[in-house]
$ cat entry29.cif   # mmCIF, C-alpha atoms and all ligand atoms
data_work
loop_
_atom_site.label_atom_id
_atom_site.label_comp_id
_atom_site.auth_asym_id
_atom_site.auth_seq_id
_atom_site.Cartn_x
_atom_site.Cartn_y
_atom_site.Cartn_z
CA MET G 1 87.65 64.84 -185.52
CA SER G 2 86.66 66.62 -182.32
CA ASN G 3 84.27 65.05 -179.84
CA SER G 4 82.19 68.22 -179.86
CA ILE G 5 81.22 67.62 -183.50
CA PHE G 6 80.97 63.83 -183.40
CA ASN G 7 78.87 64.04 -180.27
CA LEU G 8 76.98 60.78 -179.96
CA LYS G 9 78.41 59.71 -176.60
CA ASP G 10 75.54 59.02 -174.15
CA LYS G 11 72.93 60.08 -176.73
CA VAL G 12 69.76 58.00 -176.54
CA VAL G 13 69.19 56.41 -179.94
CA LEU G 14 65.90 54.62 -180.70
CA ILE G 15 66.05 52.25 -183.67
CA THR G 16 62.91 50.60 -185.07
CA GLY G 17 63.00 47.30 -186.97
CA ALA G 18 66.31 46.61 -185.23
CA ALA G 19 66.13 42.80 -185.38
CA GLY G 20 66.45 42.46 -189.17
CA ILE G 21 69.46 42.31 -191.47
CA GLN G 22 70.80 45.83 -190.99
CA GLY G 23 69.37 46.72 -187.55
CA PRO G 24 71.99 44.87 -185.47
CA GLU G 25 74.76 46.55 -187.49
CA HIS G 26 73.24 49.97 -186.78
CA VAL G 27 73.04 49.08 -183.08
CA LYS G 28 76.74 48.08 -183.06
CA ALA G 29 77.76 51.25 -184.92
CA PHE G 30 75.98 53.59 -182.48
CA GLU G 31 77.25 51.61 -179.48
CA SER G 32 80.81 51.81 -180.80
CA VAL G 33 80.70 55.61 -180.44
CA GLY G 34 79.23 55.51 -176.92
CA ALA G 35 75.52 56.03 -177.65
CA GLU G 36 72.82 54.43 -175.49
CA VAL G 37 70.92 52.39 -178.04
CA VAL G 38 67.32 51.25 -177.62
CA ALA G 39 66.71 48.52 -180.18
CA THR G 40 63.04 47.86 -180.93
CA ASP G 41 61.12 45.56 -183.28
CA ILE G 42 57.89 43.56 -183.39
CA LYS G 43 59.84 40.59 -182.01
CA GLY G 44 63.35 39.69 -180.91
CA THR G 45 64.08 42.88 -178.94
CA GLU G 46 63.67 43.75 -175.27
CA ILE G 47 61.36 46.65 -176.09
CA ILE G 48 58.59 45.82 -178.55
CA LEU G 49 57.50 48.63 -180.85
CA ASP G 50 55.08 47.98 -183.70
CA VAL G 51 55.27 51.03 -185.97
CA THR G 52 51.75 50.41 -187.27
CA SER G 53 50.23 50.81 -183.80
CA PRO G 54 50.14 54.24 -182.10
CA ASP G 55 49.41 52.43 -178.78
CA SER G 56 52.52 50.29 -179.15
CA ILE G 57 54.64 53.35 -180.02
CA ASN G 58 53.28 55.33 -177.06
CA GLN G 59 53.95 52.44 -174.66
CA ALA G 60 57.52 52.05 -175.93
CA VAL G 61 58.18 55.80 -175.73
CA LYS G 62 56.89 55.89 -172.16
CA LYS G 63 59.23 53.03 -171.17
CA ILE G 64 62.22 54.68 -172.87
CA ILE G 65 61.56 58.11 -171.32
CA ASP G 66 61.10 56.46 -167.89
CA GLN G 67 64.42 54.65 -168.29
CA HIS G 68 66.54 57.24 -170.13
CA GLY G 69 64.76 60.58 -169.64
CA TYR G 70 64.66 61.57 -173.32
CA ILE G 71 65.21 60.44 -176.93
CA ASP G 72 67.94 62.21 -178.94
CA VAL G 73 67.93 60.21 -182.15
CA LEU G 74 65.20 58.22 -183.89
CA VAL G 75 66.08 55.86 -186.74
CA ASN G 76 62.93 54.80 -188.61
CA ASN G 77 64.49 51.63 -189.95
CA ALA G 78 61.48 49.26 -189.73
CA GLY G 79 60.28 48.09 -193.10
CA ALA G 80 58.08 45.53 -194.79
CA THR G 81 60.16 44.16 -197.61
CA GLY G 82 59.28 41.55 -200.21
CA LYS G 83 60.56 38.95 -197.73
CA TYR G 84 57.71 39.68 -195.34
CA ALA G 85 54.86 41.13 -197.39
CA THR G 86 53.76 41.52 -200.95
CA ASP G 87 50.35 42.97 -200.14
CA TRP G 88 49.88 46.68 -201.05
CA GLU G 89 48.02 47.66 -197.89
CA GLN G 90 50.35 45.85 -195.51
CA ILE G 91 53.45 47.38 -197.08
CA ILE G 92 51.97 50.91 -197.07
CA LYS G 93 50.88 50.40 -193.46
CA VAL G 94 54.36 49.46 -192.23
CA ASN G 95 56.61 51.58 -194.45
CA LEU G 96 54.60 54.75 -194.97
CA THR G 97 52.04 54.93 -192.16
CA GLY G 98 54.59 53.41 -189.76
CA THR G 99 57.19 56.07 -190.61
CA TYR G 100 54.50 58.76 -190.30
CA ASN G 101 53.38 57.37 -186.90
CA CYS G 102 56.93 57.40 -185.53
CA CYS G 103 57.82 60.85 -186.90
CA HIS G 104 54.51 62.20 -185.55
CA ILE G 105 54.44 60.55 -182.11
CA ILE G 106 58.13 60.13 -181.23
CA GLY G 107 59.17 63.38 -182.95
CA ALA G 108 56.68 65.26 -180.78
CA ALA G 109 58.40 63.79 -177.70
CA MET G 110 61.85 65.01 -178.85
CA ASN G 111 62.99 68.51 -177.86
CA GLN G 112 66.14 68.40 -179.97
CA GLY G 113 68.17 65.94 -181.99
CA SER G 114 67.80 64.04 -185.22
CA ILE G 115 65.30 61.78 -186.97
CA ILE G 116 66.53 59.55 -189.79
CA ASN G 117 64.06 57.83 -192.10
CA VAL G 118 64.98 54.89 -194.34
CA SER G 119 63.83 54.78 -197.95
CA SER G 120 65.04 52.57 -200.83
CA ILE G 121 66.28 53.05 -204.39
CA TYR G 122 62.76 52.00 -205.46
CA GLY G 123 61.55 55.23 -203.89
CA LEU G 124 63.62 56.96 -206.58
CA VAL G 125 63.68 54.71 -209.65
CA GLY G 126 61.58 51.90 -211.11
CA PRO G 127 62.79 48.29 -210.94
CA ASP G 128 64.79 46.72 -213.76
CA TRP G 129 62.81 43.48 -214.03
CA SER G 130 65.64 41.64 -215.77
CA VAL G 131 67.49 41.30 -212.45
CA TYR G 132 64.47 39.52 -210.93
CA ASP G 133 64.26 36.80 -213.57
CA GLN G 134 64.38 33.51 -211.56
CA ALA G 135 65.81 35.41 -208.58
CA GLU G 136 65.31 33.89 -205.14
CA TYR G 137 65.75 35.13 -201.60
CA ALA G 138 65.21 33.08 -198.43
CA GLY G 139 63.71 30.30 -200.57
CA LYS G 140 61.10 32.56 -202.21
CA PRO G 141 60.90 34.21 -205.62
CA MET G 142 62.14 37.80 -205.39
CA GLY G 143 60.21 40.82 -206.58
CA ALA G 144 59.79 44.51 -206.08
CA PRO G 145 56.15 45.15 -205.08
CA ALA G 146 54.45 48.38 -206.19
CA GLY G 147 53.55 49.20 -202.58
CA TYR G 148 57.23 49.09 -201.65
CA ALA G 149 58.14 51.65 -204.32
CA ALA G 150 55.17 53.91 -203.48
CA SER G 151 55.79 53.73 -199.73
CA LYS G 152 59.50 54.45 -200.03
CA GLY G 153 58.86 57.43 -202.34
CA GLY G 154 56.43 58.67 -199.69
CA VAL G 155 59.09 58.30 -196.99
CA ILE G 156 61.29 60.81 -198.83
CA SER G 157 58.36 63.28 -199.02
CA LEU G 158 57.51 62.73 -195.35
CA THR G 159 61.14 63.53 -194.54
CA ARG G 160 60.83 67.00 -196.10
CA TYR G 161 57.46 67.56 -194.41
CA PHE G 162 58.68 66.69 -190.92
CA ALA G 163 62.01 68.51 -191.44
CA SER G 164 59.99 71.67 -192.07
CA LEU G 165 57.58 70.99 -189.20
CA TYR G 166 60.22 70.27 -186.54
CA ALA G 167 62.81 72.89 -187.57
CA PRO G 168 64.89 74.27 -185.99
CA LYS G 169 64.76 71.97 -182.95
CA VAL G 170 64.89 68.54 -184.61
CA ARG G 171 66.58 67.78 -187.94
CA VAL G 172 64.89 65.18 -190.15
CA ASN G 173 66.76 63.41 -192.95
CA CYS G 174 66.51 60.25 -195.01
CA VAL G 175 68.96 57.57 -196.08
CA THR G 176 68.26 55.59 -199.23
CA PRO G 177 70.07 52.25 -199.38
CA GLY G 178 70.54 50.11 -202.45
CA GLY G 179 70.36 46.31 -202.30
CA ILE G 180 72.02 44.70 -199.29
CA PHE G 181 73.73 41.35 -199.87
CA ASP G 182 72.00 38.62 -197.87
CA ASN G 183 72.62 35.40 -199.79
CA GLN G 184 70.23 36.19 -202.63
CA SER G 185 70.52 33.79 -205.56
CA GLU G 186 73.75 33.98 -207.52
CA THR G 187 72.33 35.29 -210.80
CA PHE G 188 70.47 38.07 -209.00
CA VAL G 189 73.63 39.15 -207.17
CA LYS G 190 75.61 39.10 -210.41
CA LYS G 191 73.05 41.06 -212.45
CA TYR G 192 72.30 43.54 -209.67
CA SER G 193 76.00 44.12 -208.92
CA ALA G 194 76.68 44.90 -212.58
CA LYS G 195 74.17 47.78 -212.37
CA THR G 196 76.16 49.52 -209.62
CA MET G 197 79.29 51.63 -210.24
CA LEU G 198 81.08 49.78 -207.43
CA GLY G 199 80.26 46.38 -208.96
CA ARG G 200 78.71 44.81 -205.86
CA MET G 201 75.78 44.82 -203.46
CA ALA G 202 76.10 46.66 -200.12
CA LYS G 203 77.40 44.87 -197.06
CA LYS G 204 74.85 44.89 -194.23
CA ASN G 205 76.92 47.41 -192.21
CA GLU G 206 77.51 49.91 -195.01
CA VAL G 207 74.51 52.13 -194.29
CA SER G 208 75.40 52.60 -190.59
CA GLY G 209 78.09 55.25 -191.24
CA THR G 210 75.59 57.55 -192.93
CA LEU G 211 73.28 57.15 -189.92
CA LEU G 212 76.12 58.22 -187.59
CA TYR G 213 76.76 61.25 -189.80
CA LEU G 214 73.09 62.26 -189.90
CA ALA G 215 72.64 61.65 -186.15
CA SER G 216 75.65 63.72 -185.05
CA ASP G 217 76.60 67.39 -185.29
CA LEU G 218 78.76 66.51 -188.29
CA SER G 219 75.51 67.16 -190.17
CA SER G 220 74.30 70.06 -187.97
CA TYR G 221 73.27 72.19 -191.01
CA VAL G 222 71.64 69.33 -192.94
CA THR G 223 67.88 68.83 -192.77
CA GLY G 224 65.17 67.69 -195.20
CA GLU G 225 67.87 65.85 -197.18
CA ASN G 226 68.07 62.37 -198.69
CA ILE G 227 71.45 60.62 -198.90
CA VAL G 228 71.61 57.75 -201.39
CA VAL G 229 73.89 54.85 -200.37
CA ASP G 230 73.65 52.59 -203.41
CA GLY G 231 77.15 52.11 -204.83
CA GLY G 232 76.27 54.52 -207.64
CA LEU G 233 73.34 52.52 -209.06
CA THR G 234 70.91 55.44 -209.41
CA ALA G 235 73.65 57.84 -210.55
CA ARG G 236 74.21 55.98 -213.83
CA ALA G 237 71.88 55.72 -216.82
N1 LIG G 301 67.71 44.88 -197.44
C1 LIG G 301 67.75 45.68 -198.49
O1 LIG G 301 68.23 45.29 -199.58
C2 LIG G 301 67.22 47.08 -198.39
C3 LIG G 301 67.40 47.95 -199.48
C4 LIG G 301 66.89 49.24 -199.40
C5 LIG G 301 66.22 49.65 -198.26
N2 LIG G 301 66.07 48.79 -197.22
C6 LIG G 301 65.36 49.27 -196.04
O2 LIG G 301 66.23 49.18 -194.92
C7 LIG G 301 65.45 49.03 -193.73
C8 LIG G 301 65.99 47.87 -192.91
O3 LIG G 301 65.71 46.66 -193.59
P1 LIG G 301 66.65 45.38 -193.54
O4 LIG G 301 67.53 45.43 -194.71
O5 LIG G 301 67.30 45.24 -192.20
O6 LIG G 301 65.56 44.26 -193.82
P2 LIG G 301 64.74 43.34 -192.83
O7 LIG G 301 63.53 42.99 -193.57
O8 LIG G 301 65.65 42.26 -192.34
O9 LIG G 301 64.40 44.27 -191.57
C9 LIG G 301 63.19 44.97 -191.40
C10 LIG G 301 62.80 44.86 -189.95
O10 LIG G 301 61.56 45.60 -189.78
C11 LIG G 301 60.77 44.87 -188.86
N3 LIG G 301 59.35 45.21 -188.98
C12 LIG G 301 58.44 44.77 -189.89
N4 LIG G 301 57.22 45.24 -189.61
C13 LIG G 301 57.36 46.02 -188.49
C14 LIG G 301 56.46 46.77 -187.69
N5 LIG G 301 55.16 46.80 -187.98
N6 LIG G 301 56.96 47.43 -186.63
C15 LIG G 301 58.27 47.39 -186.32
N7 LIG G 301 59.17 46.67 -187.01
C16 LIG G 301 58.71 45.99 -188.09
C17 LIG G 301 61.01 43.40 -189.20
O11 LIG G 301 60.65 42.57 -188.10
C18 LIG G 301 62.51 43.41 -189.51
O12 LIG G 301 63.29 43.10 -188.35
C19 LIG G 301 64.00 48.82 -194.19
O13 LIG G 301 63.30 50.05 -194.08
C20 LIG G 301 64.16 48.44 -195.65
O14 LIG G 301 63.03 48.73 -196.43
C21 LIG G 301 66.55 47.52 -197.26
#
$ encode --input "entry29.cif" --output "structure tokens"
Amino acid sequence: MSNSIFNLKDKVVLITGAAGIQGPEHVKAFESVGAEVVATDIKGTEIILDVTSPDSINQAVKKIIDQHGYIDVLVNNAGATGKYATDWEQIIKVNLTGTYNCCHIIGAAMNQGSIINVSSIYGLVGPDWSVYDQAEYAGKPMGAPAGYAASKGGVISLTRYFASLYAPKVRVNCVTPGGIFDNQSETFVKKYSAKTMLGRMAKKNEVSGTLLYLASDLSSYVTGENIVVDGGLTARA
């Protein structure tokens, strides 16, 4: 693989929601190929960026441009999951409006490069409620709120919209992960895993490779696309 195609060395990569389960893995993956990563979140990161607040986004962008000069890659990874919110409006605000805010404000500050949005399998298919029977995560009953599904479906549509708007300078794509293993209750893991072709949940670092692909020139002719990383769950009836 030539460096000219896999060209992430010294690229400035802004990741939102970087303090959660997958964020630190994404940070490590980009750093491992020489990118300058700016990890942001509502807490637990040096730069605070609340995706629901245009003021917060503008302040963070100003700091990053002052420090690095530009932003090459934006990963809209922040999300309100069932762990944090079950309320329709809150979930829509973080997942859908938040992704819109970042594509709109940060995308406008990018002259070239790549934006990657993060959806979910529930943006593509409805939940199979049998896997949620008595399921627990972080000490709470697990579910799949309607707002989560609606917001993540919207993220895929927003991806096509912004890909069209920012072409040809900035490519905009989406990655759609399936369930990430994070010590969910045993019966959930067993039932969910059986639904996938690969027979297991994703490891927390298994989405990062697709981000590297979509961020680099390996995907230089790919825009407006959604790549599903779900172990084959949505590909089987
Ligand atoms: N974990 C899964 O099983 C799974 C499956 C499919 C898709 N996803 C998606 O992957 C992405 C990463 O999630 P994760 O798995 O690391 O889960 P996570 O819940 O651990 O991480 C989400 C992060 O987003 C941050 N966040 C919440 N509200 C925010 C706001 N207003 N502004 C900025 N950041 C905010 C949280 O603080 C958290 O660090 C999310 O978009 C999520 O919806 C996760």
$ residues_near_ligand --input "entry29.cif" --ligand "ligand LIG 301 (chain G)" --cutoff "6 Å" --atoms "only C-alpha atoms and all ligand atoms" --output "ChimeraX atom specification"
/G:16-23,41-42,49-52,77-81,94,118-120,177-180
$ atom_distance --input "entry29.cif" --atom1 "CA of Gly199 (chain G)" --atom2 "CA of Thr86 (chain G)"
28.1 Å
$ residues_around --input "entry29.cif" --residues "Asp182 (chain G)" --least-positions-apart "5" --cutoff "10 Å" --atoms "only C-alpha atoms" --output "mmCIF file with C-alpha atoms, keeping the file's coordinate frame"
data_model
loop_
_atom_site.group_PDB
_atom_site.id
_atom_site.type_symbol
_atom_site.label_atom_id
_atom_site.label_comp_id
_atom_site.auth_asym_id
_atom_site.auth_seq_id
_atom_site.Cartn_x
_atom_site.Cartn_y
_atom_site.Cartn_z
ATOM 1 C CA ILE G 21 69.460 42.310 -191.470
ATOM 2 C CA TYR G 137 65.750 35.130 -201.600
ATOM 3 C CA ALA G 138 65.210 33.080 -198.430
ATOM 4 C CA VAL G 189 73.630 39.150 -207.170
ATOM 5 C CA MET G 201 75.780 44.820 -203.460
ATOM 6 C CA ALA G 202 76.100 46.660 -200.120
ATOM 7 C CA LYS G 203 77.400 44.870 -197.060
ATOM 8 C CA LYS G 204 74.850 44.890 -194.230
#
$ residues_around --input "entry29.cif" --residues "Thr99 (chain G)" --least-positions-apart "3" --cutoff "8 Å" --atoms "only C-alpha atoms" --output "PyMOL selection string"
chain G and resi 51+76+94-96+102-103+117+155
$ write_last_selection --input "entry29.cif" --atoms "C-alpha atoms" --output "PDB file, in the coordinates of the input"
ATOM      1  CA  VAL G  51      55.270  51.030-185.970  1.00  0.00           C
ATOM      2  CA  ASN G  76      62.930  54.800-188.610  1.00  0.00           C
ATOM      3  CA  VAL G  94      54.360  49.460-192.230  1.00  0.00           C
ATOM      4  CA  ASN G  95      56.610  51.580-194.450  1.00  0.00           C
ATOM      5  CA  LEU G  96      54.600  54.750-194.970  1.00  0.00           C
ATOM      6  CA  CYS G 102      56.930  57.400-185.530  1.00  0.00           C
ATOM      7  CA  CYS G 103      57.820  60.850-186.900  1.00  0.00           C
ATOM      8  CA  ASN G 117      64.060  57.830-192.100  1.00  0.00           C
ATOM      9  CA  VAL G 155      59.090  58.300-196.990  1.00  0.00           C
TER      10      VAL G 155
END
$ residues_near_point --input "entry29.cif" --point "(61.5, 72.7, -186.7)" --cutoff "12 Å" --atoms "all atoms listed in the file" --output "PyMOL selection string"
chain G and resi 107-108+110-115+160-172+223-224
$ residues_near_point --input "entry29.cif" --point "(75.6, 54.6, -178.7)" --cutoff "12 Å" --atoms "all atoms listed in the file" --output "JSON, numbers by chain"
{"G": [6, 7, 8, 9, 10, 11, 12, 13, 14, 15, 25, 26, 27, 28, 29, 30, 31, 32, 33, 34, 35, 36, 37, 38, 39, 72, 73, 211, 212, 215, 216]}
$ closest_residue --input "entry29.cif" --among "G:Ala60, G:Ser185, G:Thr176, G:Ile71" --to "Thr210 (chain G)" --atoms "all atoms listed in the file"
G:Thr176
$ atom_distance --input "entry29.cif" --atom1 "CA of Gln184 (chain G)" --atom2 "CA of Asn226 (chain G)"
26.6 Å
$ closest_residue --input "entry29.cif" --among "G:Ile105, G:Ile91, G:Leu158, G:Pro145" --to "Ser56 (chain G)" --atoms "all atoms listed in the file"
G:Ile105
$ residues_around --input "entry29.cif" --residues "Val125 (chain G)" --least-positions-apart "6" --cutoff "10 Å" --atoms "all atoms listed in the file" --output "ChimeraX atom specification"
/G:149,153,233-234
$ atom_distance --input "entry29.cif" --atom1 "CA of Met142 (chain G)" --atom2 "CA of Val75 (chain G)"
26.3 Å
$ closest_residue --input "entry29.cif" --among "G:Gln67, G:Leu214, G:Asp133, G:Ser157" --to "Phe188 (chain G)" --atoms "all atoms listed in the file"
G:Asp133
$ residues_around --input "entry29.cif" --residues "Met197 (chain G)" --least-positions-apart "2" --cutoff "9 Å" --atoms "only C-alpha atoms" --output "mmCIF file with C-alpha atoms, in the frame of the given file"
data_model
loop_
_atom_site.group_PDB
_atom_site.id
_atom_site.type_symbol
_atom_site.label_atom_id
_atom_site.label_comp_id
_atom_site.auth_asym_id
_atom_site.auth_seq_id
_atom_site.Cartn_x
_atom_site.Cartn_y
_atom_site.Cartn_z
ATOM 1 C CA SER G 193 76.000 44.120 -208.920
ATOM 2 C CA ALA G 194 76.680 44.900 -212.580
ATOM 3 C CA LYS G 195 74.170 47.780 -212.370
ATOM 4 C CA GLY G 199 80.260 46.380 -208.960
ATOM 5 C CA ARG G 200 78.710 44.810 -205.860
ATOM 6 C CA ASP G 230 73.650 52.590 -203.410
ATOM 7 C CA GLY G 231 77.150 52.110 -204.830
ATOM 8 C CA GLY G 232 76.270 54.520 -207.640
ATOM 9 C CA LEU G 233 73.340 52.520 -209.060
ATOM 10 C CA ALA G 235 73.650 57.840 -210.550
ATOM 11 C CA ARG G 236 74.210 55.980 -213.830
#
$ closest_residue --input "entry29.cif" --among "G:Gly139, G:Ala146, G:Val207, G:Ile5" --to "Val229 (chain G)" --atoms "all atoms listed in the file"
G:Val207
$ build_atoms --input "entry29.cif" --residues "region 131-158 of chain G" --atoms "N, CA and C atoms" --output "mmCIF file, in the coordinates of the input"
data_model
loop_
_atom_site.group_PDB
_atom_site.id
_atom_site.type_symbol
_atom_site.label_atom_id
_atom_site.label_comp_id
_atom_site.auth_asym_id
_atom_site.auth_seq_id
_atom_site.Cartn_x
_atom_site.Cartn_y
_atom_site.Cartn_z
ATOM 1 N N VAL G 131 66.695 41.857 -213.560
ATOM 2 C CA VAL G 131 67.490 41.300 -212.450
ATOM 3 C C VAL G 131 66.666 40.319 -211.604
ATOM 4 N N TYR G 132 65.327 40.384 -211.751
ATOM 5 C CA TYR G 132 64.470 39.520 -210.930
ATOM 6 C C TYR G 132 64.123 38.190 -211.596
ATOM 7 N N ASP G 133 64.572 38.021 -212.841
ATOM 8 C CA ASP G 133 64.260 36.800 -213.570
ATOM 9 C C ASP G 133 64.865 35.581 -212.833
ATOM 10 N N GLN G 134 63.982 34.706 -212.333
ATOM 11 C CA GLN G 134 64.380 33.510 -211.560
ATOM 12 C C GLN G 134 65.157 33.819 -210.278
ATOM 13 N N ALA G 135 65.072 35.059 -209.806
ATOM 14 C CA ALA G 135 65.810 35.410 -208.580
ATOM 15 C C ALA G 135 65.092 34.869 -207.354
ATOM 16 N N GLU G 136 65.879 34.418 -206.387
ATOM 17 C CA GLU G 136 65.310 33.890 -205.140
ATOM 18 C C GLU G 136 66.011 34.484 -203.931
ATOM 19 N N TYR G 137 65.210 34.611 -202.868
ATOM 20 C CA TYR G 137 65.750 35.130 -201.600
ATOM 21 C C TYR G 137 65.030 34.400 -200.472
ATOM 22 N N ALA G 138 65.783 33.824 -199.559
ATOM 23 C CA ALA G 138 65.210 33.080 -198.430
ATOM 24 C C ALA G 138 64.204 32.037 -198.924
ATOM 25 N N GLY G 139 64.542 31.393 -200.043
ATOM 26 C CA GLY G 139 63.710 30.300 -200.570
ATOM 27 C C GLY G 139 62.459 30.752 -201.297
ATOM 28 N N LYS G 140 62.306 32.058 -201.532
ATOM 29 C CA LYS G 140 61.100 32.560 -202.210
ATOM 30 C C LYS G 140 61.495 33.347 -203.450
ATOM 31 N N PRO G 141 60.603 33.381 -204.462
ATOM 32 C CA PRO G 141 60.900 34.210 -205.620
ATOM 33 C C PRO G 141 61.005 35.675 -205.189
ATOM 34 N N MET G 142 61.955 36.392 -205.770
ATOM 35 C CA MET G 142 62.140 37.800 -205.390
ATOM 36 C C MET G 142 61.331 38.715 -206.295
ATOM 37 N N GLY G 143 60.912 39.834 -205.768
ATOM 38 C CA GLY G 143 60.210 40.820 -206.580
ATOM 39 C C GLY G 143 60.406 42.195 -205.983
ATOM 40 N N ALA G 144 59.739 43.143 -206.589
ATOM 41 C CA ALA G 144 59.790 44.510 -206.080
ATOM 42 C C ALA G 144 58.356 45.024 -206.134
ATOM 43 N N PRO G 145 57.573 44.801 -205.059
ATOM 44 C CA PRO G 145 56.150 45.150 -205.080
ATOM 45 C C PRO G 145 55.898 46.650 -205.253
ATOM 46 N N ALA G 146 54.799 46.973 -205.936
ATOM 47 C CA ALA G 146 54.450 48.380 -206.190
ATOM 48 C C ALA G 146 54.316 49.159 -204.877
ATOM 49 N N GLY G 147 53.734 48.519 -203.869
ATOM 50 C CA GLY G 147 53.550 49.200 -202.580
ATOM 51 C C GLY G 147 54.881 49.589 -201.953
ATOM 52 N N TYR G 148 55.892 48.786 -202.196
ATOM 53 C CA TYR G 148 57.230 49.090 -201.650
ATOM 54 C C TYR G 148 57.751 50.378 -202.274
ATOM 55 N N ALA G 149 57.652 50.454 -203.615
ATOM 56 C CA ALA G 149 58.140 51.650 -204.320
ATOM 57 C C ALA G 149 57.351 52.887 -203.876
ATOM 58 N N ALA G 150 56.017 52.756 -203.840
ATOM 59 C CA ALA G 150 55.170 53.910 -203.480
ATOM 60 C C ALA G 150 55.447 54.352 -202.042
ATOM 61 N N SER G 151 55.572 53.374 -201.143
ATOM 62 C CA SER G 151 55.790 53.730 -199.730
ATOM 63 C C SER G 151 57.142 54.395 -199.543
ATOM 64 N N LYS G 152 58.153 53.907 -200.238
ATOM 65 C CA LYS G 152 59.500 54.450 -200.030
ATOM 66 C C LYS G 152 59.643 55.833 -200.679
ATOM 67 N N GLY G 153 58.913 56.068 -201.779
ATOM 68 C CA GLY G 153 58.860 57.430 -202.340
ATOM 69 C C GLY G 153 58.211 58.362 -201.333
ATOM 70 N N GLY G 154 57.146 57.872 -200.698
ATOM 71 C CA GLY G 154 56.430 58.670 -199.690
ATOM 72 C C GLY G 154 57.312 58.993 -198.489
ATOM 73 N N VAL G 155 58.201 58.069 -198.137
ATOM 74 C CA VAL G 155 59.090 58.300 -196.990
ATOM 75 C C VAL G 155 60.000 59.507 -197.251
ATOM 76 N N ILE G 156 60.431 59.669 -198.501
ATOM 77 C CA ILE G 156 61.290 60.810 -198.830
ATOM 78 C C ILE G 156 60.481 62.119 -198.713
ATOM 79 N N SER G 157 59.225 62.088 -199.161
ATOM 80 C CA SER G 157 58.360 63.280 -199.020
ATOM 81 C C SER G 157 58.068 63.582 -197.554
ATOM 82 N N LEU G 158 57.769 62.522 -196.779
ATOM 83 C CA LEU G 158 57.510 62.730 -195.350
ATOM 84 C C LEU G 158 58.713 63.350 -194.657
#
